[in-house]
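Visitor: A single structure is presented below for examination.
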Amino acid sequence: VAGKKVLLKQGNLDIAVLTIEDRFLPDKVNECKQCYGQTTLEHPGVLMVATQRGQYYVGGSVVGLNKPSREFECRTPVEVRADLPDVVDIVAFQCRNPIHRAHYELFTRALDAPEVGKDAVCLVHPTCGPTQADDISGDTRYKTYVKLAEETKDTDKGKRTRWDYLPYSMHMAGPREAIQHMMIRKNFGCTHFIIGRDMAGSKSSITGDDFYGAYEAQDFAKMHGPELGVMPVPSLNLVYTEEKDYVTADEAKAAGLAEKKLSGTKFRQMLRGGEEIPEWFAFKSVVEVLRG
């Protein structure tokens, strides 16, 4: 098999040529243990490896021919880097869901974090590939991002924000996936990366228990960030209050402010039921796209 060339295609479009250098029978149990820290099929990544990947793996050199055809453009690292300023910090924000008010406040406020330099800009870089079964489709998510980018482009926060899209499928691998995202964004020109609570986390498909600790990804990123050359920026734990809009949970508690909460599950129920979504939770324009 070594030396054999394989043409990789997307429908009728030639994408790349793979020259096979190795073919082997993988130890999938060990692979999952090392990648996900789990071997149970209750983990979505383990289930994918066990049921969707072939019996044998091949490795070798790849020569690209064409970019894959998509409903929306996913620019290459070279293309993205060319449009980013090279004299200020670039803070990456990764997400896999539509951006609501709390997300927007989170990544725009991260530009003023102590780890970040003056006049930094944020690269909002969502993953628009397949994620989990109950997530909103990548095409729909993309439309919400375009709408929000257009709506906010002339604001002070919008002028410090760039938008691009990553054709990546989440593995829900917790801390190790957080590191992978930092490596990817470094290639796109980013110097900093926002790490949220329970980033890339997942729950057991049977018990609903979390596979990773709430701050495990942040701690792992802090440990390895210097080695990667990417500075992790822990996300703020923001809550909405009647008195002061969005503040940190600690501020709200200290001042005895009245918090308002809306779970993701309740939001999806309200969305499907045609109920009015409060604008403190979601941008009206985003909700219109989701309902369209």
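Residue numbers start at 1 in each chain; chains themselves are named A, B, ... in the order of the structure tokens; ligands are numbered from 1 in the order shown.
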Write out as a list of chain:residue names which residues come within 8 Å of Lys5 (chain A) when counting only C-alpha atoms, dropping same-chain ones fewer than 4 positions away.
Guide: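 Contacts, with the query itself left out: A:Val17, A:Leu18, A:Thr19, A:Ile20.
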Visitor: Where does DSSP see alpha helix (DSSP H) in region 108-143 of chain A, if you list the residues as number ranges by chain?
Guide: A: 108-109, 138-143
Visitor: Can you build me a table of region 23-131 of chain A residues sitting at most 10 Å from region 155-162 of chain A, with the closest atom pair per residue and its distance in Å to one decimal, using only C-alpha atoms, sorted by chain and residue number, as CSV?
Guide:
```
residue,atom,partner,partner_atom,distance
A:Val80,CA,A:Arg162,CA,9.6
A:Asp83,CA,A:Arg162,CA,9.1
A:Leu84,CA,A:Arg162,CA,8.2
A:Ile90,CA,A:Thr161,CA,9.6
A:Val91,CA,A:Thr161,CA,9.4
A:Ala92,CA,A:Arg162,CA,9.5
A:Tyr104,CA,A:Lys157,CA,9.4
A:Glu105,CA,A:Lys157,CA,9.5
A:Phe107,CA,A:Thr161,CA,9.2
A:Thr108,CA,A:Lys157,CA,6.4
A:Arg109,CA,A:Lys157,CA,9.0
A:Leu111,CA,A:Arg160,CA,8.7
A:Asp119,CA,A:Arg160,CA,8.0
A:Ala120,CA,A:Arg160,CA,7.3
A:Val121,CA,A:Arg160,CA,4.7
A:Cys122,CA,A:Thr161,CA,4.8
A:Leu123,CA,A:Arg162,CA,4.8
A:Val124,CA,A:Arg162,CA,6.0
A:His125,CA,A:Arg162,CA,8.4
```
Visitor: Pick out the residues sitting within 7 Å of region 250-266 of chain A, and hand them over as a ChimeraX atom specification; count only C-alpha atoms, and ignore anything fewer than 4 positions along from it in its own chain.
Guide: /A:239-243,270
Visitor: Compile the contact shell of region 73-78 of chain A as a PyMOL selection string: residues with an atom at most 8 Å away, counting only C-alpha atoms, same-chain residues fewer than 5 positions apart removed.
Guide: chain A and resi 164-167+187-189
Visitor: Measure the distance from CA of Arg291 (chain A) to CA of Val146 (chain A) in Å and round it to one decimal.
Guide: 15.5 Å
Visitor: In Å, with one decimal, what is the gap from CA of Ile15 (chain A) to CA of Met170 (chain A)?
Guide: 21.9 Å
Visitor: Please identify the strand (DSSP E) residues within region 84-280 of chain A (assignment by DSSP from backbone atoms) and present them as a PyMOL selection string.
Guide: chain A and resi 90-93+121-124+161-163+192-195+231-234+238-241+245-248+259-260
Visitor: Selection from above, N, CA and C atoms, as a PDB file, in the first residue's frame, can you write it?
Guide:
```pdb
ATOM      1  N   ILE A  90      -4.272  39.985  19.380  1.00  0.00           N
ATOM      2  CA  ILE A  90      -5.458  39.439  18.719  1.00  0.00           C
ATOM      3  C   ILE A  90      -6.051  38.379  19.641  1.00  0.00           C
ATOM      4  N   VAL A  91      -7.238  38.644  20.141  1.00  0.00           N
ATOM      5  CA  VAL A  91      -7.893  37.763  21.110  1.00  0.00           C
ATOM      6  C   VAL A  91      -8.941  36.916  20.391  1.00  0.00           C
ATOM      7  N   ALA A  92      -8.776  35.610  20.406  1.00  0.00           N
ATOM      8  CA  ALA A  92      -9.710  34.722  19.710  1.00  0.00           C
ATOM      9  C   ALA A  92     -10.866  34.314  20.618  1.00  0.00           C
ATOM     10  N   PHE A  93     -12.059  34.299  20.029  1.00  0.00           N
ATOM     11  CA  PHE A  93     -13.243  33.791  20.726  1.00  0.00           C
ATOM     12  C   PHE A  93     -13.845  32.685  19.882  1.00  0.00           C
ATOM     13  N   VAL A 121      -7.751  43.643  19.349  1.00  0.00           N
ATOM     14  CA  VAL A 121      -8.984  43.340  18.625  1.00  0.00           C
ATOM     15  C   VAL A 121      -9.366  41.879  18.896  1.00  0.00           C
ATOM     16  N   CYS A 122     -10.651  41.587  18.717  1.00  0.00           N
ATOM     17  CA  CYS A 122     -11.143  40.230  18.940  1.00  0.00           C
ATOM     18  C   CYS A 122     -11.463  39.574  17.604  1.00  0.00           C
ATOM     19  N   LEU A 123     -10.934  38.390  17.394  1.00  0.00           N
ATOM     20  CA  LEU A 123     -11.318  37.571  16.237  1.00  0.00           C
ATOM     21  C   LEU A 123     -12.385  36.584  16.709  1.00  0.00           C
ATOM     22  N   VAL A 124     -13.629  36.844  16.321  1.00  0.00           N
ATOM     23  CA  VAL A 124     -14.705  35.906  16.613  1.00  0.00           C
ATOM     24  C   VAL A 124     -14.617  34.802  15.553  1.00  0.00           C
ATOM     25  N   THR A 161     -13.761  44.297  16.447  1.00  0.00           N
ATOM     26  CA  THR A 161     -14.127  42.891  16.276  1.00  0.00           C
ATOM     27  C   THR A 161     -13.977  42.473  14.820  1.00  0.00           C
ATOM     28  N   ARG A 162     -13.413  41.302  14.598  1.00  0.00           N
ATOM     29  CA  ARG A 162     -13.319  40.699  13.268  1.00  0.00           C
ATOM     30  C   ARG A 162     -14.067  39.366  13.309  1.00  0.00           C
ATOM     31  N   TRP A 163     -14.604  38.959  12.172  1.00  0.00           N
ATOM     32  CA  TRP A 163     -15.382  37.725  12.105  1.00  0.00           C
ATOM     33  C   TRP A 163     -14.837  36.821  11.002  1.00  0.00           C
ATOM     34  N   HIS A 192      -3.946  35.608  21.899  1.00  0.00           N
ATOM     35  CA  HIS A 192      -4.690  35.282  23.113  1.00  0.00           C
ATOM     36  C   HIS A 192      -5.916  34.450  22.751  1.00  0.00           C
ATOM     37  N   PHE A 193      -6.406  33.695  23.724  1.00  0.00           N
ATOM     38  CA  PHE A 193      -7.571  32.847  23.469  1.00  0.00           C
ATOM     39  C   PHE A 193      -8.461  32.829  24.705  1.00  0.00           C
ATOM     40  N   ILE A 194      -9.737  33.135  24.498  1.00  0.00           N
ATOM     41  CA  ILE A 194     -10.686  33.158  25.610  1.00  0.00           C
ATOM     42  C   ILE A 194     -11.112  31.737  25.960  1.00  0.00           C
ATOM     43  N   ILE A 195     -10.926  31.383  27.230  1.00  0.00           N
ATOM     44  CA  ILE A 195     -11.293  30.041  27.708  1.00  0.00           C
ATOM     45  C   ILE A 195     -12.497  30.167  28.631  1.00  0.00           C
ATOM     46  N   MET A 231      -1.666  33.191  25.025  1.00  0.00           N
ATOM     47  CA  MET A 231      -2.064  33.534  26.390  1.00  0.00           C
ATOM     48  C   MET A 231      -3.551  33.237  26.596  1.00  0.00           C
ATOM     49  N   PRO A 232      -3.890  32.332  27.518  1.00  0.00           N
ATOM     50  CA  PRO A 232      -5.310  32.099  27.799  1.00  0.00           C
ATOM     51  C   PRO A 232      -5.916  33.273  28.565  1.00  0.00           C
ATOM     52  N   VAL A 233      -7.132  33.629  28.218  1.00  0.00           N
ATOM     53  CA  VAL A 233      -7.870  34.685  28.907  1.00  0.00           C
ATOM     54  C   VAL A 233      -9.120  34.053  29.506  1.00  0.00           C
ATOM     55  N   PRO A 234      -9.141  33.819  30.821  1.00  0.00           N
ATOM     56  CA  PRO A 234     -10.333  33.209  31.434  1.00  0.00           C
ATOM     57  C   PRO A 234     -11.559  34.092  31.217  1.00  0.00           C
ATOM     58  N   LEU A 238     -20.445  36.236  33.732  1.00  0.00           N
ATOM     59  CA  LEU A 238     -21.363  37.364  33.684  1.00  0.00           C
ATOM     60  C   LEU A 238     -22.804  36.936  33.944  1.00  0.00           C
ATOM     61  N   VAL A 239     -23.541  37.803  34.605  1.00  0.00           N
ATOM     62  CA  VAL A 239     -24.976  37.587  34.826  1.00  0.00           C
ATOM     63  C   VAL A 239     -25.708  38.880  34.495  1.00  0.00           C
ATOM     64  N   TYR A 240     -26.976  38.747  34.133  1.00  0.00           N
ATOM     65  CA  TYR A 240     -27.772  39.941  33.845  1.00  0.00           C
ATOM     66  C   TYR A 240     -28.538  40.345  35.096  1.00  0.00           C
ATOM     67  N   THR A 241     -28.509  41.628  35.390  1.00  0.00           N
ATOM     68  CA  THR A 241     -29.235  42.138  36.558  1.00  0.00           C
ATOM     69  C   THR A 241     -30.179  43.256  36.124  1.00  0.00           C
ATOM     70  N   ASP A 245     -27.594  45.896  34.292  1.00  0.00           N
ATOM     71  CA  ASP A 245     -27.339  45.162  33.056  1.00  0.00           C
ATOM     72  C   ASP A 245     -26.396  43.988  33.366  1.00  0.00           C
ATOM     73  N   TYR A 246     -25.375  43.763  32.518  1.00  0.00           N
ATOM     74  CA  TYR A 246     -24.468  42.635  32.731  1.00  0.00           C
ATOM     75  C   TYR A 246     -23.309  43.041  33.650  1.00  0.00           C
ATOM     76  N   VAL A 247     -23.129  42.257  34.717  1.00  0.00           N
ATOM     77  CA  VAL A 247     -22.003  42.423  35.634  1.00  0.00           C
ATOM     78  C   VAL A 247     -21.491  41.029  35.970  1.00  0.00           C
ATOM     79  N   THR A 248     -20.358  40.947  36.641  1.00  0.00           N
ATOM     80  CA  THR A 248     -19.876  39.634  37.057  1.00  0.00           C
ATOM     81  C   THR A 248     -20.758  39.099  38.190  1.00  0.00           C
ATOM     82  N   GLU A 259     -30.788  39.126  39.881  1.00  0.00           N
ATOM     83  CA  GLU A 259     -30.369  38.468  38.643  1.00  0.00           C
ATOM     84  C   GLU A 259     -31.568  37.932  37.869  1.00  0.00           C
ATOM     85  N   LYS A 260     -31.412  37.935  36.547  1.00  0.00           N
ATOM     86  CA  LYS A 260     -32.396  37.305  35.678  1.00  0.00           C
ATOM     87  C   LYS A 260     -31.705  36.151  34.960  1.00  0.00           C
TER      88      LYS A 260
END
```
Visitor: Sort by chain and increasing residue number a table of all residues of region 107-165 of chain A within 10 Å of region 49-71 of chain A, each with its closest pair of atoms and their distance in Å to one decimal, counting only C-alpha atoms, and write it as JSON lines.
Guide:
```
{"residue": "A:Gly138", "atom": "CA", "partner": "A:Glu71", "partner_atom": "CA", "distance": 9.6}
{"residue": "A:Asp139", "atom": "CA", "partner": "A:Glu71", "partner_atom": "CA", "distance": 7.1}
{"residue": "A:Tyr142", "atom": "CA", "partner": "A:Glu71", "partner_atom": "CA", "distance": 9.4}
```
Visitor: Could you take the residues named above and write them with C-alpha atoms, as a tab-separated table (two decimals), in the first residue's frame?
Guide:
```tsv
chain	number	residue	atom	x	y	z
A	138	GLY	CA	-23.78	25.29	10.91
A	139	ASP	CA	-25.47	27.12	8.02
A	142	TYR	CA	-23.40	31.28	10.14
```
Visitor: Expressed in Å to a single decimal, how great is the separation between CA of Pro126 (chain A) and CA of Thr207 (chain A)?
Guide: 28.8 Å
Visitor: Do a neighbour search on Val286 (chain A) at 10 Å with only C-alpha atoms, toss out local chain neighbours closer than 6 positions, and write the hits as a PyMOL selection string.
Guide: chain A and resi 98-100+141+143-148+292
Visitor: I need the residues from that last selection saved to file as an mmCIF file, in the first residue's frame (with C-alpha atoms), if you can.
Guide:
```
data_model
loop_
_atom_site.group_PDB
_atom_site.id
_atom_site.type_symbol
_atom_site.label_atom_id
_atom_site.label_comp_id
_atom_site.auth_asym_id
_atom_site.auth_seq_id
_atom_site.Cartn_x
_atom_site.Cartn_y
_atom_site.Cartn_z
ATOM 1 C CA PRO A 98 -25.466 31.460 18.053
ATOM 2 C CA ILE A 99 -24.049 34.462 19.907
ATOM 3 C CA HIS A 100 -26.381 35.915 22.500
ATOM 4 C CA ARG A 141 -25.411 29.612 12.895
ATOM 5 C CA LYS A 143 -26.397 33.408 9.125
ATOM 6 C CA THR A 144 -26.792 34.626 12.716
ATOM 7 C CA TYR A 145 -23.111 35.612 12.852
ATOM 8 C CA VAL A 146 -23.327 37.564 9.585
ATOM 9 C CA LYS A 147 -26.426 39.381 10.824
ATOM 10 C CA LEU A 148 -24.831 40.301 14.145
ATOM 11 C CA GLY A 292 -36.670 32.104 9.746
#
```
Visitor: For Val287 (chain A), please output as a compact mmCIF listing (two decimals) with all heavy atoms, in the first residue's frame all residues within 8 Å (counting only C-alpha atoms; exclusion window: fewer than 4 positions along the same chain).
Guide:
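Printed below is part-v1.txt as written:
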```txt
# COMPACT_ATOMS: atom_id res chain seq x y z
N LEU A 271 -38.26 29.52 21.73
CA LEU A 271 -38.00 29.76 20.31
C LEU A 271 -38.96 28.93 19.45
O LEU A 271 -39.58 29.45 18.52
CB LEU A 271 -36.55 29.39 20.00
CG LEU A 271 -35.96 29.83 18.67
CD1 LEU A 271 -35.89 31.35 18.59
CD2 LEU A 271 -34.58 29.21 18.47
N ILE A 277 -38.76 36.44 23.10
CA ILE A 277 -37.48 36.22 23.76
C ILE A 277 -36.99 37.56 24.31
O ILE A 277 -36.90 38.54 23.57
CB ILE A 277 -36.42 35.66 22.78
CG1 ILE A 277 -36.95 34.44 22.05
CG2 ILE A 277 -35.13 35.36 23.53
CD1 ILE A 277 -37.19 33.22 22.90
N ALA A 282 -31.13 37.66 24.26
CA ALA A 282 -30.76 37.40 22.87
C ALA A 282 -30.99 38.63 22.01
O ALA A 282 -31.93 39.41 22.24
CB ALA A 282 -31.56 36.22 22.32
N PHE A 283 -30.15 38.81 21.00
CA PHE A 283 -30.35 39.87 20.03
C PHE A 283 -31.59 39.57 19.20
O PHE A 283 -31.77 38.44 18.71
CB PHE A 283 -29.14 40.00 19.12
CG PHE A 283 -27.90 40.50 19.79
CD1 PHE A 283 -26.97 39.61 20.32
CD2 PHE A 283 -27.66 41.87 19.90
CE1 PHE A 283 -25.82 40.08 20.94
CE2 PHE A 283 -26.51 42.34 20.52
CZ PHE A 283 -25.59 41.45 21.05
N ARG A 291 -35.63 31.85 13.75
CA ARG A 291 -37.02 31.51 13.47
C ARG A 291 -37.33 31.48 11.97
O ARG A 291 -38.36 30.97 11.55
CB ARG A 291 -37.95 32.49 14.17
CG ARG A 291 -38.06 32.22 15.67
CD ARG A 291 -39.00 33.15 16.36
NE ARG A 291 -39.30 32.66 17.71
CZ ARG A 291 -39.68 33.42 18.71
NH1 ARG A 291 -39.82 34.72 18.54
NH2 ARG A 291 -39.93 32.88 19.89
```
